[in-house]
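Q: Structure provided below as structure tokens; questions to follow.
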Amino acid sequence: MNTSKNQGSSSLKTTSFIKRLLLGLLIVLGSSYLLQQLLPRLKALSPPLTSKQTVAITQIVPHPSLDAIRKGVMDVLREGGIAEDQILFENAMGNVATAAQIAHKFISQKPTIIVPITTPSTQAIYAAAKDAGIPVVFGAVSDPVAAKLVPSMQQAGEGITGISDLSPIPQQVNLIKAILPKAATLGVVFNPGEANSIALLAVLEEVCKSQGIRVMRSPASSTTDVVAATRALVGRVDALYIPNDNTVVSALMSLIQVAQEHKIPVFSADPESVERGCLASISHNQYQLGRQTGELVLSYLKGTPIKDLPPTYGKTTELVLNLKVAQALGITIPEEVKQKAVRSQDATEHQRKQLVGIVQVIEHPALDQTRMGIIDALKKEGIDEGVQWQSAQGNPALALQIAQHYVGRQVKALVTIGTSPTQMALTAAKGSHIPIVFASVTDPASAKVLDTGYPVTGVSNFIETTLQVDFFKKILRKEQPRIGVIYNAGEANSVILVEKMKAIKGVTWLFVTASKTSEVAQAAENIVSQVDAIFINNDNTALTAFESIVTVAKSKRVPVFCSDIDTVEKGAVAAMGANQYELGLQAGEMIVRLIKGDDIKNIPVAWPRKVEIRLNHKMAESIGLSFPEDIFKAANDAHLMN
């Protein structure tokens, strides 16, 4: 046996083992180091989104273009893993004061990030969110620098960034000159209270001056002023231009009507407005602009700080033409302009696609649920295209204009949500024989929508008032309670309900009116010290300002009851009412039958399939109120009404 040789071999093996061990340790340490270096980058690329993250979205007013932006944002969020229940949404209905209330509400809910759409909503949100440390990503702010939101378009502000929809004004003026080479005066209707509009007007006037065009301003501080502001320009301008002004775009149908009466061509910075009667537009694709906004939001949720996400402009613009309007005005669109258009809005082609036109009395969570139910019922049957909706913002005259617009499009079904739009639709559709399907009309017989001989059917949201009052009396534990009611005497639906309430014995009623949302809080102040409870019964004006009622009532420890079950989340102590989404599904099923060829005579008027009871335990406790045991049981069971 050669000992030295074996010892040498053993030594070599030991040395080899140590080398392998050291190499292995180096690899492990090196891998660990690499992982430490790479992990933050990997997380930045695709970190998991948590179920705790919430995104709050708000916009200043309901309008197809802003809705398209919101849809773009939400589609990107869903694709990125954000669930429906992680997204909050509120609409300010064109009211800056409401926008401020929404801002404070969102701050109290502490979302991960807030997404305001338009300049007024962004200014309101940022004023509240900045101190709360909640980041903001805006969409559709034309000039965020002028609005003092960001220092420049290359640098995010303090906790804020977003996407600008600054109009391509030089291109828009060039378009006007290409179509109307002799145009010398351009009229602009705008809201002087919108910083966005003032900034755009300054740019427009500068560009027009270089083209030899004079700009005539006509201010409209609210949607109700738009008609008068438009009429003030009649006979003085060669064309009208609509900037990205939320007030004017919201009342566009009334402006279009005046323009059509006087053969005035209307150009718009809003592409969706071309379908509604404007002649032409070069503008941002609103849906894609929303997707850009959504991508910024996702980047933040995945770990990128706001400071590393500079604001930017919308990526794409598009030219849209309305050839039918051009023909009606006797205007010949140059071929080179037609060739550049991404959409030439030929009326006959559009009418074939336009199946359903929806008019909603006002944008409100309960009525929004009804609309969602209608649209979901249509989608279930593959009716995805050709469905449009617009809010009348509580204005019957605007509801009439919207209904007339849909009738002109020869829709297969005219759908109304609320009593006044249904009444207006009957006027608009007279002679056309377009079937009307309504939803959320409390008493269609008393509202005289059933005895006209016109093809109409729908779903009432009526719940027996006596049933509701008995329910509230049990909670109050009083035989003859004093109950205050706030309602708008201009809403036919509410007037009918008030008459029904007056006939109920065992209650001392105190009625007070509020003709608009800004009057609701004062109406509550006027009665809160004289009643045991306040009851809001399907009045759209009061429901829109519901939280202001709760604020007043809570200060006096007075419970607020409601017929809208969604208000429990906003502070109602208890509610008994129709399931609004289910109501929409019922109406949607009727519409599907009509589109598939069924005769409206075979589709009778229906009542709610599902009635729900909801309780707000926390609010009841805060004002010293407790629920009887049988009320607890009733709230936990689904009540079906066949």
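The chains in the structure tokens are called A, B, ... from first to last as shown; in each chain the residues are counted from 1, and the ligands are counted from 1 in the order shown.
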Write out as a VMD selection string each polymer residue whose atoms come within 9 Å of region 134-146 of chain A, counting only C-alpha atoms; drop sequence neighbours fewer than 5 positions from it.

A: chain A and resid 66 69 to 70 73 107 110 to 122 125 to 126 128 to 129 151 to 153 158 to 167 195 to 197 199 to 200 244 286 289 to 290 292 to 294 296 to 297 306 311 313 to 314

Q: Between region 357-409 of chain A and region 596-609 of chain A, at 12 Å or less, what are the per-residue closest atom pairs and their distances in Å? Count only C-alpha atoms, order by chain and rising residue number, and return it as a Markdown table.

A:
```
| residue | atom | partner | partner_atom | distance |
| --- | --- | --- | --- | --- |
| A:Thr370 | CA | A:Pro608 | CA | 11.6 |
| A:Leu378 | CA | A:Lys596 | CA | 11.3 |
| A:Glu381 | CA | A:Lys596 | CA | 10.0 |
| A:Gly382 | CA | A:Lys596 | CA | 11.5 |
| A:Ile383 | CA | A:Lys596 | CA | 10.5 |
```

Q: Restricting the calculation to only C-alpha atoms: of A:Leu149, A:Ser221, A:Lys105, A:Arg236, which residue gets closest to Gly187 (chain A)?

A: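 Of the candidates, the smallest distance to Gly187 (chain A) is held by A:Arg236.
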
Q: Between A:Glu272, A:Asp131, A:Asp566, A:Asp75, which is the closest to Leu543 (chain A) once you count only C-alpha atoms?

A: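 With only C-alpha atoms as the atom set, the closest residue is A:Asp566.
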
Q: Run DSSP on the backbone and give me the residues of region 368-543 of chain A it puts in strand (DSSP E or B), as a ChimeraX atom specification.

A: /A:387-391,413-417,436-439,456-459,482-487,508-513,533-536

Q: Find the residues near Ser518 (chain A): any atom within 10 Å, counting only C-alpha atoms, skip ones fewer than 3 places away on the same chain, and give them as a ChimeraX atom specification.

A: /A:95,97-98,514-515,521-523,541-542,544-545,548

Q: Would you mind reading off the distance between CA of Gln171 (chain A) and CA of Thr316 (chain A), one decimal, in Å?

A: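 CA of Gln171 (chain A) sits 13.0 Å away from CA of Thr316 (chain A).
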